[in-house]
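Student: If it helps, the file is called coords_12.txt and holds compact mmCIF, C-alpha atoms and all ligand atoms:
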```
# COMPACT_ATOMS: atom_id res chain seq x y z
CA MET A 1 -80.19 -18.70 48.62
CA SER A 2 -77.01 -19.44 46.58
CA ASP A 3 -77.55 -20.81 43.08
CA THR A 4 -74.10 -22.46 43.16
CA PRO A 5 -74.52 -26.22 42.84
CA GLU A 6 -72.88 -28.41 45.45
CA ILE A 7 -69.29 -29.04 44.42
CA LYS A 8 -67.84 -32.52 44.94
CA LYS A 9 -64.17 -31.64 44.84
CA GLY A 10 -62.11 -34.50 43.44
CA LEU A 11 -65.41 -36.35 42.83
CA ALA A 12 -65.03 -37.55 46.43
CA GLY A 13 -67.94 -39.73 47.42
CA VAL A 14 -69.57 -39.52 43.97
CA THR A 15 -70.80 -42.75 42.40
CA VAL A 16 -70.59 -42.29 38.64
CA ASP A 17 -71.46 -45.70 37.20
CA HIS A 18 -71.92 -49.40 37.89
CA THR A 19 -69.04 -51.83 37.56
CA ALA A 20 -68.94 -55.63 37.64
CA VAL A 21 -65.13 -55.73 37.66
CA SER A 22 -64.35 -55.25 41.34
CA LYS A 23 -65.93 -54.22 44.60
CA VAL A 24 -64.20 -52.21 47.30
CA ASN A 25 -66.08 -52.62 50.56
CA VAL A 26 -64.83 -50.15 53.12
CA ASP A 27 -67.05 -51.48 55.91
CA THR A 28 -65.70 -55.02 55.68
CA ASN A 29 -62.30 -53.80 54.50
CA SER A 30 -62.42 -56.13 51.54
CA LEU A 31 -61.69 -56.09 47.83
CA LEU A 32 -63.38 -58.52 45.44
CA TYR A 33 -62.34 -59.13 41.83
CA ARG A 34 -65.41 -60.41 39.97
CA GLY A 35 -66.68 -61.63 43.35
CA TYR A 36 -63.49 -63.33 44.60
CA PRO A 37 -61.61 -61.87 47.61
CA VAL A 38 -58.25 -60.64 46.37
CA GLN A 39 -56.46 -62.40 49.24
CA GLU A 40 -57.81 -65.76 48.05
CA LEU A 41 -56.75 -65.03 44.49
CA ALA A 42 -53.27 -63.97 45.61
CA ALA A 43 -52.87 -67.17 47.64
CA MET A 44 -54.40 -69.67 45.23
CA ARG A 45 -54.08 -68.35 41.67
CA SER A 46 -51.32 -67.07 39.43
CA PHE A 47 -51.38 -63.48 38.21
CA GLU A 48 -52.22 -64.68 34.67
CA GLU A 49 -55.32 -66.46 35.98
CA VAL A 50 -56.33 -63.25 37.76
CA VAL A 51 -55.90 -61.26 34.55
CA TYR A 52 -58.04 -63.79 32.70
CA LEU A 53 -60.69 -63.48 35.41
CA LEU A 54 -60.72 -59.69 35.14
CA TRP A 55 -61.00 -59.77 31.34
CA TYR A 56 -63.40 -62.67 30.84
CA GLY A 57 -65.36 -62.58 34.09
CA GLU A 58 -64.54 -66.15 35.18
CA LEU A 59 -61.39 -67.99 36.21
CA PRO A 60 -59.98 -69.97 33.29
CA THR A 61 -60.26 -73.73 32.86
CA ALA A 62 -56.92 -75.50 32.37
CA GLU A 63 -57.48 -75.40 28.61
CA GLN A 64 -58.42 -71.70 28.58
CA LEU A 65 -55.38 -70.85 30.67
CA ALA A 66 -53.07 -72.82 28.39
CA GLN A 67 -54.42 -70.96 25.34
CA PHE A 68 -54.13 -67.57 27.11
CA GLN A 69 -50.54 -68.33 28.16
CA ARG A 70 -49.61 -69.61 24.71
CA ILE A 71 -50.67 -66.31 23.11
CA GLU A 72 -49.15 -64.18 25.88
CA ARG A 73 -45.82 -65.99 25.60
CA SER A 74 -45.81 -65.61 21.80
CA HIS A 75 -45.81 -61.78 22.17
CA ARG A 76 -43.07 -61.42 24.77
CA THR A 77 -40.09 -60.53 22.60
CA LEU A 78 -39.23 -56.86 22.88
CA ASP A 79 -40.07 -55.01 19.65
CA PRO A 80 -36.71 -53.76 18.23
CA ALA A 81 -38.22 -50.36 17.34
CA ILE A 82 -39.27 -49.92 20.97
CA ALA A 83 -35.82 -51.02 22.14
CA ARG A 84 -34.25 -48.28 20.00
CA VAL A 85 -36.50 -45.63 21.54
CA ILE A 86 -35.64 -46.88 25.01
CA ASP A 87 -31.94 -46.62 24.09
CA GLN A 88 -32.48 -42.97 23.19
CA LEU A 89 -34.51 -42.00 26.24
CA VAL A 90 -32.76 -43.82 29.07
CA GLY A 91 -30.67 -41.45 31.14
CA THR A 92 -32.81 -38.40 30.43
CA ALA A 93 -36.44 -39.51 30.78
CA HIS A 94 -38.12 -41.08 33.80
CA PRO A 95 -38.98 -44.78 33.21
CA MET A 96 -42.71 -43.96 33.46
CA ASP A 97 -42.34 -41.50 30.60
CA ILE A 98 -40.48 -44.13 28.59
CA VAL A 99 -43.20 -46.73 29.20
CA ARG A 100 -45.88 -44.20 28.25
CA THR A 101 -43.99 -43.43 25.03
CA ALA A 102 -43.50 -47.12 24.26
CA VAL A 103 -47.23 -47.83 24.61
CA SER A 104 -47.99 -44.85 22.44
CA MET A 105 -45.60 -46.21 19.79
CA LEU A 106 -47.27 -49.61 19.90
CA GLY A 107 -50.59 -47.87 19.29
CA ALA A 108 -49.24 -45.73 16.47
CA SER A 109 -47.82 -48.78 14.71
CA ASP A 110 -50.99 -50.88 15.03
CA PRO A 111 -53.01 -50.38 11.81
CA THR A 112 -56.09 -51.69 13.59
CA ALA A 113 -55.73 -49.44 16.64
CA TRP A 114 -59.25 -48.11 16.09
CA ASP A 115 -60.88 -51.52 16.20
CA SER A 116 -62.97 -51.53 19.35
CA GLU A 117 -64.74 -54.86 18.90
CA PRO A 118 -64.47 -56.76 22.20
CA HIS A 119 -62.27 -59.51 20.73
CA ALA A 120 -59.98 -56.91 19.10
CA ILE A 121 -59.55 -55.03 22.39
CA LEU A 122 -58.64 -58.29 24.13
CA ASP A 123 -56.15 -59.24 21.41
CA LYS A 124 -54.44 -55.85 21.70
CA ALA A 125 -54.53 -55.99 25.49
CA LEU A 126 -52.92 -59.43 25.61
CA ALA A 127 -50.14 -58.41 23.21
CA LEU A 128 -49.49 -55.20 25.18
CA PHE A 129 -49.60 -57.08 28.48
CA ALA A 130 -47.01 -59.52 27.09
CA GLN A 131 -44.75 -56.69 25.89
CA LEU A 132 -44.66 -54.71 29.13
CA PRO A 133 -42.19 -56.89 31.10
CA GLY A 134 -39.70 -56.71 28.23
CA ILE A 135 -40.09 -52.93 28.05
CA VAL A 136 -39.75 -52.36 31.80
CA ALA A 137 -36.92 -54.87 32.18
CA TYR A 138 -34.97 -53.34 29.30
CA ILE A 139 -35.30 -49.85 30.79
CA GLN A 140 -33.71 -51.04 34.02
CA ARG A 141 -31.02 -52.98 32.17
CA CYS A 142 -30.17 -49.98 29.98
CA GLU A 143 -29.96 -47.77 33.08
CA ARG A 144 -27.36 -50.23 34.35
CA GLY A 145 -25.51 -50.38 31.01
CA LEU A 146 -26.68 -53.93 30.31
CA GLY A 147 -28.19 -55.50 27.19
CA ALA A 148 -31.64 -56.98 26.67
CA ILE A 149 -32.44 -60.55 27.72
CA ALA A 150 -34.62 -62.74 25.52
CA PRO A 151 -37.85 -63.94 27.15
CA ARG A 152 -38.35 -67.52 28.33
CA ASP A 153 -41.57 -69.16 27.24
CA ASP A 154 -41.26 -71.86 29.87
CA LEU A 155 -41.79 -69.31 32.66
CA GLY A 156 -44.97 -67.72 33.97
CA TYR A 157 -45.56 -63.99 33.66
CA ALA A 158 -43.99 -62.94 36.97
CA ALA A 159 -41.03 -65.31 36.65
CA ASN A 160 -40.33 -64.23 33.09
CA PHE A 161 -40.55 -60.56 34.15
CA LEU A 162 -37.82 -61.21 36.73
CA TRP A 163 -35.82 -63.29 34.26
CA MET A 164 -35.86 -60.52 31.64
CA THR A 165 -34.83 -57.97 34.29
CA PHE A 166 -32.08 -59.87 36.07
CA GLY A 167 -31.06 -62.65 33.66
CA GLU A 168 -31.42 -65.28 36.38
CA GLU A 169 -34.20 -67.67 37.14
CA PRO A 170 -35.85 -66.09 40.19
CA HIS A 171 -35.80 -67.68 43.62
CA PRO A 172 -39.31 -68.99 44.44
CA VAL A 173 -39.59 -66.50 47.33
CA ALA A 174 -39.00 -63.54 45.01
CA ARG A 175 -41.20 -64.98 42.27
CA GLU A 176 -44.05 -65.64 44.69
CA ALA A 177 -43.91 -62.20 46.35
CA PHE A 178 -43.75 -60.52 42.96
CA ASP A 179 -46.68 -62.53 41.62
CA VAL A 180 -48.73 -61.62 44.72
CA SER A 181 -47.92 -57.93 44.27
CA MET A 182 -49.04 -58.06 40.64
CA THR A 183 -52.37 -59.59 41.66
CA LEU A 184 -52.90 -57.00 44.39
CA TYR A 185 -52.12 -54.11 42.05
CA ALA A 186 -54.22 -55.43 39.15
CA GLU A 187 -57.53 -53.71 39.84
CA HIS A 188 -59.16 -51.26 42.22
CA SER A 189 -62.50 -49.98 40.84
CA PHE A 190 -62.70 -46.30 39.84
CA ASN A 191 -59.23 -45.18 40.97
CA ALA A 192 -57.75 -42.15 39.19
CA SER A 193 -55.94 -43.99 36.38
CA THR A 194 -58.82 -46.37 35.69
CA PHE A 195 -61.27 -43.50 35.64
CA THR A 196 -58.93 -41.69 33.23
CA ALA A 197 -58.98 -44.73 30.94
CA ARG A 198 -62.77 -44.74 31.11
CA VAL A 199 -62.99 -41.01 30.32
CA VAL A 200 -60.82 -41.44 27.22
CA THR A 201 -62.74 -44.55 26.17
CA SER A 202 -66.04 -42.72 26.63
CA THR A 203 -65.12 -40.41 23.73
CA LEU A 204 -64.77 -43.57 21.57
CA SER A 205 -61.03 -43.00 21.30
CA ASP A 206 -58.83 -46.09 20.85
CA TYR A 207 -57.52 -48.65 23.36
CA TYR A 208 -53.91 -47.44 23.35
CA SER A 209 -54.91 -43.81 23.90
CA ALA A 210 -56.87 -44.85 26.97
CA VAL A 211 -53.89 -46.81 28.33
CA VAL A 212 -51.42 -44.00 27.60
CA ALA A 213 -53.65 -41.53 29.45
CA ALA A 214 -54.03 -43.96 32.34
CA ILE A 215 -50.24 -44.29 32.60
CA GLY A 216 -50.04 -40.50 32.85
CA ALA A 217 -52.51 -40.55 35.74
CA LEU A 218 -50.78 -43.45 37.48
CA LYS A 219 -47.43 -41.67 37.42
CA GLY A 220 -48.43 -39.03 39.98
CA PRO A 221 -47.18 -39.49 43.56
CA LEU A 222 -50.70 -39.32 44.97
CA HIS A 223 -51.47 -42.48 42.97
CA GLY A 224 -49.06 -45.10 41.59
CA GLY A 225 -45.98 -42.93 41.91
CA ALA A 226 -46.24 -43.43 45.67
CA ASN A 227 -44.50 -46.84 45.60
CA GLU A 228 -41.37 -45.16 44.25
CA ALA A 229 -41.80 -42.30 46.73
CA VAL A 230 -42.03 -44.75 49.65
CA MET A 231 -38.62 -46.13 48.82
CA ARG A 232 -37.17 -42.64 48.55
CA THR A 233 -38.60 -41.95 52.03
CA PHE A 234 -36.93 -45.10 53.37
CA GLU A 235 -33.64 -44.02 51.80
CA GLU A 236 -34.01 -40.51 53.23
CA ILE A 237 -34.71 -41.79 56.75
CA GLY A 238 -32.01 -44.45 56.46
CA ASP A 239 -32.48 -46.13 59.82
CA ALA A 240 -35.30 -46.87 62.28
CA SER A 241 -33.56 -44.82 64.98
CA ARG A 242 -34.06 -41.69 62.85
CA VAL A 243 -37.82 -42.08 62.34
CA THR A 244 -38.98 -39.79 65.15
CA GLY A 245 -36.79 -36.85 64.16
CA TRP A 246 -37.53 -37.32 60.49
CA LEU A 247 -41.29 -37.40 61.12
CA ASP A 248 -41.11 -34.28 63.33
CA GLU A 249 -39.46 -32.43 60.51
CA ALA A 250 -41.61 -33.82 57.69
CA LEU A 251 -44.91 -33.20 59.46
CA GLY A 252 -43.69 -29.80 60.63
CA ALA A 253 -43.08 -28.93 56.97
CA LYS A 254 -46.59 -30.28 56.17
CA ARG A 255 -45.16 -32.96 53.91
CA LYS A 256 -47.32 -35.89 52.91
CA ILE A 257 -45.90 -39.20 54.00
CA MET A 258 -45.98 -41.42 50.95
CA GLY A 259 -47.58 -44.83 51.18
CA PHE A 260 -50.10 -43.69 53.79
CA GLY A 261 -53.71 -42.67 53.36
CA HIS A 262 -56.34 -43.53 50.81
CA ARG A 263 -59.31 -41.76 49.28
CA VAL A 264 -61.63 -44.72 49.91
CA TYR A 265 -60.14 -46.75 52.77
CA LYS A 266 -59.95 -44.74 55.95
CA ARG A 267 -59.25 -47.61 58.37
CA GLY A 268 -56.56 -49.42 56.41
CA ASP A 269 -56.14 -50.76 52.89
CA SER A 270 -57.52 -54.29 52.41
CA ARG A 271 -54.49 -55.29 50.32
CA VAL A 272 -51.83 -54.34 52.85
CA PRO A 273 -51.85 -57.44 55.12
CA THR A 274 -51.27 -59.75 52.13
CA MET A 275 -48.46 -57.60 50.73
CA HIS A 276 -46.95 -57.09 54.17
CA ALA A 277 -46.79 -60.88 54.58
CA ALA A 278 -45.08 -61.15 51.18
CA LEU A 279 -42.63 -58.44 52.22
CA ASP A 280 -41.85 -60.38 55.40
CA THR A 281 -40.91 -63.44 53.35
CA LEU A 282 -38.52 -61.28 51.32
CA ILE A 283 -37.03 -59.68 54.44
CA ALA A 284 -36.38 -63.15 55.89
CA HIS A 285 -35.02 -64.47 52.60
CA TYR A 286 -32.64 -61.57 51.99
CA GLY A 287 -31.75 -61.17 55.70
CA ARG A 288 -32.77 -57.51 56.02
CA PRO A 289 -34.25 -56.98 59.50
CA ASP A 290 -33.21 -53.33 59.21
CA ILE A 291 -35.94 -52.83 56.60
CA ALA A 292 -38.51 -54.51 58.88
CA ASP A 293 -37.46 -52.22 61.76
CA LEU A 294 -37.78 -49.08 59.67
CA TYR A 295 -41.09 -50.23 58.19
CA ASP A 296 -42.61 -51.04 61.58
CA ARG A 297 -41.32 -47.94 63.34
CA LEU A 298 -42.48 -45.50 60.66
CA GLU A 299 -45.90 -47.16 60.47
CA ALA A 300 -46.36 -47.23 64.25
CA GLU A 301 -45.31 -43.62 64.76
CA PHE A 302 -47.25 -42.20 61.82
CA VAL A 303 -50.44 -44.08 62.66
CA ALA A 304 -50.14 -43.02 66.31
CA ARG A 305 -49.68 -39.37 65.37
CA LYS A 306 -52.12 -39.01 62.46
CA GLY A 307 -54.45 -42.03 62.53
CA ILE A 308 -53.72 -42.54 58.82
CA TYR A 309 -52.93 -46.10 57.72
CA PRO A 310 -50.57 -47.57 55.10
CA ASN A 311 -51.79 -48.26 51.58
CA LEU A 312 -50.53 -50.97 49.20
CA ASP A 313 -47.58 -48.86 48.08
CA TYR A 314 -46.09 -48.93 51.57
CA PRO A 315 -45.17 -52.66 51.62
CA SER A 316 -44.69 -53.01 47.87
CA GLY A 317 -42.01 -50.29 47.64
CA PRO A 318 -39.52 -52.07 49.93
CA ALA A 319 -40.57 -55.45 48.46
CA TYR A 320 -39.55 -54.35 44.96
CA HIS A 321 -36.32 -52.95 46.38
CA LEU A 322 -35.46 -56.27 48.00
CA ILE A 323 -36.21 -58.16 44.79
CA GLY A 324 -33.60 -55.94 43.13
CA PHE A 325 -35.57 -53.40 41.11
CA ASP A 326 -34.30 -49.84 40.82
CA THR A 327 -36.61 -47.41 42.60
CA ALA A 328 -37.59 -45.59 39.41
CA ILE A 329 -38.87 -48.89 37.98
CA PHE A 330 -41.49 -49.47 40.69
CA THR A 331 -44.32 -47.50 39.07
CA PRO A 332 -43.70 -49.04 35.61
CA ILE A 333 -44.17 -52.44 37.29
CA PHE A 334 -47.52 -51.14 38.54
CA VAL A 335 -48.42 -50.37 34.90
CA ALA A 336 -47.78 -53.98 33.88
CA SER A 337 -50.20 -55.09 36.56
CA ARG A 338 -52.89 -52.39 36.41
CA VAL A 339 -53.20 -52.70 32.63
CA ALA A 340 -55.30 -55.73 33.58
CA GLY A 341 -57.85 -53.58 35.39
CA TRP A 342 -57.73 -50.76 32.83
CA THR A 343 -58.53 -53.24 30.06
CA ALA A 344 -61.48 -54.71 31.95
CA HIS A 345 -62.86 -51.20 32.53
CA ILE A 346 -62.27 -50.13 28.93
CA GLN A 347 -64.33 -53.14 27.82
CA GLU A 348 -67.03 -52.36 30.35
CA GLN A 349 -67.17 -48.68 29.36
CA LEU A 350 -67.54 -49.61 25.69
CA ALA A 351 -70.25 -52.14 26.44
CA SER A 352 -72.57 -49.45 27.81
CA ASN A 353 -70.96 -46.18 26.88
CA ALA A 354 -72.00 -42.68 27.87
CA LEU A 355 -69.67 -39.77 27.22
CA ILE A 356 -68.15 -38.73 30.57
CA ARG A 357 -68.60 -35.00 30.75
CA PRO A 358 -69.33 -33.48 34.16
CA LEU A 359 -70.33 -29.89 34.86
CA SER A 360 -68.40 -27.13 36.57
CA ALA A 361 -69.45 -24.04 38.51
CA TYR A 362 -67.88 -20.94 36.96
CA ASN A 363 -66.16 -18.58 39.40
CA GLY A 364 -64.12 -16.41 36.99
CA PRO A 365 -64.64 -12.74 36.06
CA ALA A 366 -68.18 -11.54 35.37
CA GLU A 367 -69.09 -11.09 31.70
CA ARG A 368 -67.03 -8.30 30.09
CA HIS A 369 -66.41 -7.07 26.53
CA ILE A 370 -63.62 -6.12 24.10
CA GLU A 371 -63.70 -2.39 23.48
CA GLY A 372 -64.75 -1.51 19.94
CA TYR A 373 -66.34 -4.85 19.16
CA VAL A 374 -69.54 -4.49 17.16
CA ALA A 375 -71.76 -7.52 16.94
CA ASP A 376 -72.76 -8.69 13.44
CA GLU A 377 -76.30 -7.80 12.46
N1 LIG A 401 -49.37 -37.83 54.94
C1 LIG A 401 -49.71 -36.76 55.69
N2 LIG A 401 -50.96 -36.29 55.78
C2 LIG A 401 -51.89 -36.95 55.07
C3 LIG A 401 -51.62 -38.07 54.29
C4 LIG A 401 -50.28 -38.51 54.24
N3 LIG A 401 -49.94 -39.56 53.50
N4 LIG A 401 -52.74 -38.50 53.70
C5 LIG A 401 -53.71 -37.69 54.09
N5 LIG A 401 -53.20 -36.75 54.93
C6 LIG A 401 -53.92 -35.67 55.58
C7 LIG A 401 -54.04 -34.49 54.63
O1 LIG A 401 -52.93 -33.61 54.73
C8 LIG A 401 -55.33 -33.85 55.09
O2 LIG A 401 -55.07 -33.14 56.26
P1 LIG A 401 -55.83 -31.77 56.54
O3 LIG A 401 -57.28 -32.13 56.62
O4 LIG A 401 -55.24 -31.31 57.83
O5 LIG A 401 -55.52 -30.87 55.38
C9 LIG A 401 -56.17 -35.07 55.48
O6 LIG A 401 -55.26 -36.09 55.83
C10 LIG A 401 -57.05 -35.54 54.33
O7 LIG A 401 -56.18 -35.81 53.24
P2 LIG A 401 -56.59 -35.70 51.72
O8 LIG A 401 -55.37 -35.68 50.89
O9 LIG A 401 -57.57 -34.58 51.51
O10 LIG A 401 -57.41 -37.03 51.58
P3 LIG A 401 -57.71 -37.74 50.26
O11 LIG A 401 -58.73 -38.76 50.57
O12 LIG A 401 -58.01 -36.81 49.16
O13 LIG A 401 -56.26 -38.36 49.96
C11 LIG A 401 -54.46 -39.54 49.25
C12 LIG A 401 -55.93 -39.61 49.65
C13 LIG A 401 -54.28 -38.60 48.07
C14 LIG A 401 -54.04 -40.95 48.81
C15 LIG A 401 -53.62 -39.06 50.45
O14 LIG A 401 -53.81 -39.90 51.55
C16 LIG A 401 -52.13 -38.98 50.10
O15 LIG A 401 -51.69 -38.01 49.51
N6 LIG A 401 -51.33 -40.03 50.45
C17 LIG A 401 -49.93 -40.07 50.09
C18 LIG A 401 -49.76 -40.56 48.67
C19 LIG A 401 -50.02 -42.04 48.52
O16 LIG A 401 -49.54 -42.85 49.29
N7 LIG A 401 -50.75 -42.38 47.45
C20 LIG A 401 -51.05 -43.78 47.13
C21 LIG A 401 -52.53 -44.02 47.09
S1 LIG A 401 -52.92 -45.75 46.96
C22 LIG A 401 -52.48 -46.27 45.43
O17 LIG A 401 -52.43 -45.53 44.49
C23 LIG A 401 -52.10 -47.73 45.30
```
Could I get this structure in the form of structure tokens?
Tutor:
Amino acid sequence: MSDTPEIKKGLAGVTVDHTAVSKVNVDTNSLLYRGYPVQELAAMRSFEEVVYLLWYGELPTAEQLAQFQRIERSHRTLDPAIARVIDQLVGTAHPMDIVRTAVSMLGASDPTAWDSEPHAILDKALALFAQLPGIVAYIQRCERGLGAIAPRDDLGYAANFLWMTFGEEPHPVAREAFDVSMTLYAEHSFNASTFTARVVTSTLSDYYSAVVAAIGALKGPLHGGANEAVMRTFEEIGDASRVTGWLDEALGAKRKIMGFGHRVYKRGDSRVPTMHAALDTLIAHYGRPDIADLYDRLEAEFVARKGIYPNLDYPSGPAYHLIGFDTAIFTPIFVASRVAGWTAHIQEQLASNALIRPLSAYNGPAERHIEGYVADE
């Protein structure tokens, strides 16, 4: 009998801890944030209310929301030191690397970065959350040779994000679709980036280090980087009439089709119908039936051939494109949303911490020795 323990590659199917933050139910194809179906939250609540729910466990009262918004809005102005770093890095670094660097800088310049009291974590999280739209917006503006736009404290989070990016008050259709996408991206149990944040937190490292590490995990195309990759696929295919030939070639070359498949959902991602509906409103608003044709054709053909369904990145990629974001900005937008979930999990990890340190089964060379070595007496 082999003495090799059973290996769970990629931790697939392994339950490592409890969480009260969200529940992914594959059987009912549902996702609950603190008990509420995400579709109901997307339809009935603003993204800020959803963030409050994730952090505090309950939806805010009007008074609690006003206080939360007041603090968030007071932190929106882009830190000039961060702006200078963005100036230096734009053009050479990917926007995800710039965002990761900016968050690291915020941590390095916070003298209380080590404070892990629950209220301190939430204060840092809210300030970081408020800074992210300015950071992401300025990266896109710099890429386009444009200057920074001051935030508006009369706008909600999603609307201000669009304002700081485009310098125009967003059309309600764009604002609404964007807000919905932020809610859908906010949290998804023990996904790779959230688990990364929990691993870092489990060593009792600081809040910013956990977020920086999570950004690194989110960047990969098998995770958050897929929303950017979806748009590059759309650009590569170009037109619905080219889908069949493109798929023949891509699948023949054993390429992964970005925006399809999921480690947990195998019969479709619970968030897709809501985001697809939001995408449809954008397609109608911007008059782009060509995008709908390409979207539908690629989905239909890929599902028919492989039985693998779209994930949230599939509708959100073209949605962000229609709103006007550059493709390389899509995953940084995901950061501004998922920082909500990361923060909730960092709090939860700290509240009942155990160092995360799994085992491995060694399969390297058998024990061997350096010639001439003499062990000490
Ligand atoms: N395109 C082509 N084939 C795929 C795809 C895909 N998108 N997804 C899975 N498969 C195939 C694999 O090639 C594999 O085939 P094989 O058994 O013949 O080797 C089989 O399906 C199982 O795939 P795995 O990658 O082992 O499944 P896993 O559960 O580990 O993967 C993952 C999930 C990584 C998301 C995968 O579906 C994928 O790479 N998708 C594309 C990237 C993507 O869209 N990521 C976003 C995830 S959601 C999010 O972060 C919001």
Student: For the atom pair CA of Ser109 (chain A) and CA of Asp206 (chain A), what is the interatomic distance in Å to one decimal place?
Tutor: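 CA of Asp206 (chain A) lies at a distance of 12.9 Å from CA of Ser109 (chain A).
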Student: Between A:Ile139, A:Leu359, A:Val199, A:Leu11, which one has atoms that come closest to ligand LIG 401 (chain A), using all atoms listed in the file?
Tutor: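 Among the listed residues, the smallest separation from ligand LIG 401 (chain A) belongs to A:Leu11.
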Student: Which one of A:Thr19, A:Val136, A:Glu72, A:Thr183 sits closest to Leu162 (chain A) if you count all atoms listed in the file?
Tutor: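 Closest to Leu162 (chain A) of all the choices is A:Val136.
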Student: At a cut-off of 8 Å around ligand LIG 401 (chain A), and using all atoms listed in the file, what residues come up? Please write them as a PyMOL selection string.
Tutor: chain A and resi 10+12+185+191+218+221-227+230+251+254-264+306+308+310-314
Student: Work out how far apart CA of Leu298 (chain A) and CA of Thr244 (chain A) are and give it in Å to one decimal.
Tutor: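 If I compute the distance from CA of Leu298 (chain A) to CA of Thr244 (chain A), I get 8.1 Å.
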Student: Tell me which of A:Ser352, A:Asn363, A:Gln39, A:Ser209 sits closest to Ala102 (chain A), counting all atoms listed in the file.
Tutor: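 Result for the nearest residue to Ala102 (chain A): A:Ser209.
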Student: For Phe195 (chain A), which residue among A:Val335, A:Ala214, A:Leu128, A:Val180 is the nearest when counting only C-alpha atoms?
Tutor: A:Ala214
Student: Find the residue from A:Thr281, A:Ser181, A:Gln131, A:Thr343 that sits nearest to Val103 (chain A); use all atoms listed in the file when measuring.
Tutor: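 Ranking A:Thr281, A:Ser181, A:Gln131, A:Thr343 by distance to Val103 (chain A), first place goes to A:Gln131.
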Student: I want to know what sits within 10 Å of Phe234 (chain A), based on only C-alpha atoms, with residues of the same chain fewer than 4 positions away left out; could you give that as a count of residues only?
Tutor: 12
Student: Nearest to Glu187 (chain A) among A:Tyr265, A:Trp55, A:Phe129, A:Phe330, with distances taken over only C-alpha atoms: which residue is it?
Tutor: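 Nearest candidate to Glu187 (chain A) out of A:Tyr265, A:Trp55, A:Phe129, A:Phe330: A:Trp55.
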Student: Quick one: residues within 12 Å of Leu322 (chain A), only C-alpha atoms, excluding same-chain residues fewer than 5 positions away - as a ChimeraX atom specification?
Tutor: /A:173-175,177-178,231,278-292,315-317,327,330
Student: Measure the distance from CA of Ala113 (chain A) to CA of Arg76 (chain A) in Å and round it to one decimal.
Tutor: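 Those two atoms sit 19.2 Å apart.
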Student: Would you give me, as a Markdown table, each residue of region 285-360 of chain A having an atom within 10 Å of an atom of region 114-124 of chain A, along with its shortest atom pair and that distance in Å to one decimal, using only C-alpha atoms and sorting by chain and residue number?
Tutor:
```
| residue | atom | partner | partner_atom | distance |
| --- | --- | --- | --- | --- |
| A:Thr343 | CA | A:Leu122 | CA | 7.8 |
| A:Ala344 | CA | A:Leu122 | CA | 9.1 |
| A:Ile346 | CA | A:Ile121 | CA | 8.6 |
| A:Gln347 | CA | A:Pro118 | CA | 6.7 |
| A:Glu348 | CA | A:Pro118 | CA | 9.6 |
| A:Leu350 | CA | A:Ser116 | CA | 8.0 |
| A:Ala351 | CA | A:Pro118 | CA | 8.5 |
```
Student: Using all atoms listed in the file - which residues lie no farther than 10 Å from the point (-61.0, -69.4, 36.5) in the file's frame? Write them as a PyMOL selection string.
Tutor: chain A and resi 45+49-54+56-62+64-65
Student: Please work out which residues fall within 8 Å of (-57.8, -53.9, 37.4), coordinates as given in the file, with only C-alpha atoms counting, and return them as a PyMOL selection string.
Tutor: chain A and resi 21-22+54+185-189+194+337-345
Student: Just region 297-323 of chain A, please, as a compact mmCIF listing (two decimals), in the first residue's frame (only C-alpha atoms).
Tutor:
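Result went into result.txt, see below:
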```
# COMPACT_ATOMS: atom_id res chain seq x y z
CA ARG A 297 -22.64 33.23 -31.07
CA LEU A 298 -19.45 32.54 -29.12
CA GLU A 299 -21.43 31.42 -26.06
CA ALA A 300 -23.75 29.17 -28.07
CA GLU A 301 -20.95 27.50 -30.03
CA PHE A 302 -18.59 27.05 -27.10
CA VAL A 303 -21.28 25.66 -24.80
CA ALA A 304 -22.47 23.31 -27.55
CA ARG A 305 -18.95 22.02 -28.18
CA LYS A 306 -17.55 21.83 -24.64
CA GLY A 307 -20.50 22.04 -22.22
CA ILE A 308 -18.62 24.76 -20.32
CA TYR A 309 -20.62 27.86 -19.37
CA PRO A 310 -19.75 31.56 -19.14
CA ASN A 311 -18.55 33.06 -15.86
CA LEU A 312 -19.04 36.65 -14.67
CA ASP A 313 -16.07 37.91 -16.66
CA TYR A 314 -17.78 37.04 -19.93
CA PRO A 315 -20.54 39.70 -19.76
CA SER A 316 -18.57 42.20 -17.68
CA GLY A 317 -15.68 42.47 -20.18
CA PRO A 318 -17.83 43.82 -23.03
CA ALA A 319 -19.90 45.85 -20.53
CA TYR A 320 -16.80 47.74 -19.36
CA HIS A 321 -15.76 48.22 -22.98
CA LEU A 322 -19.12 49.79 -23.84
CA ILE A 323 -18.94 52.09 -20.82
```
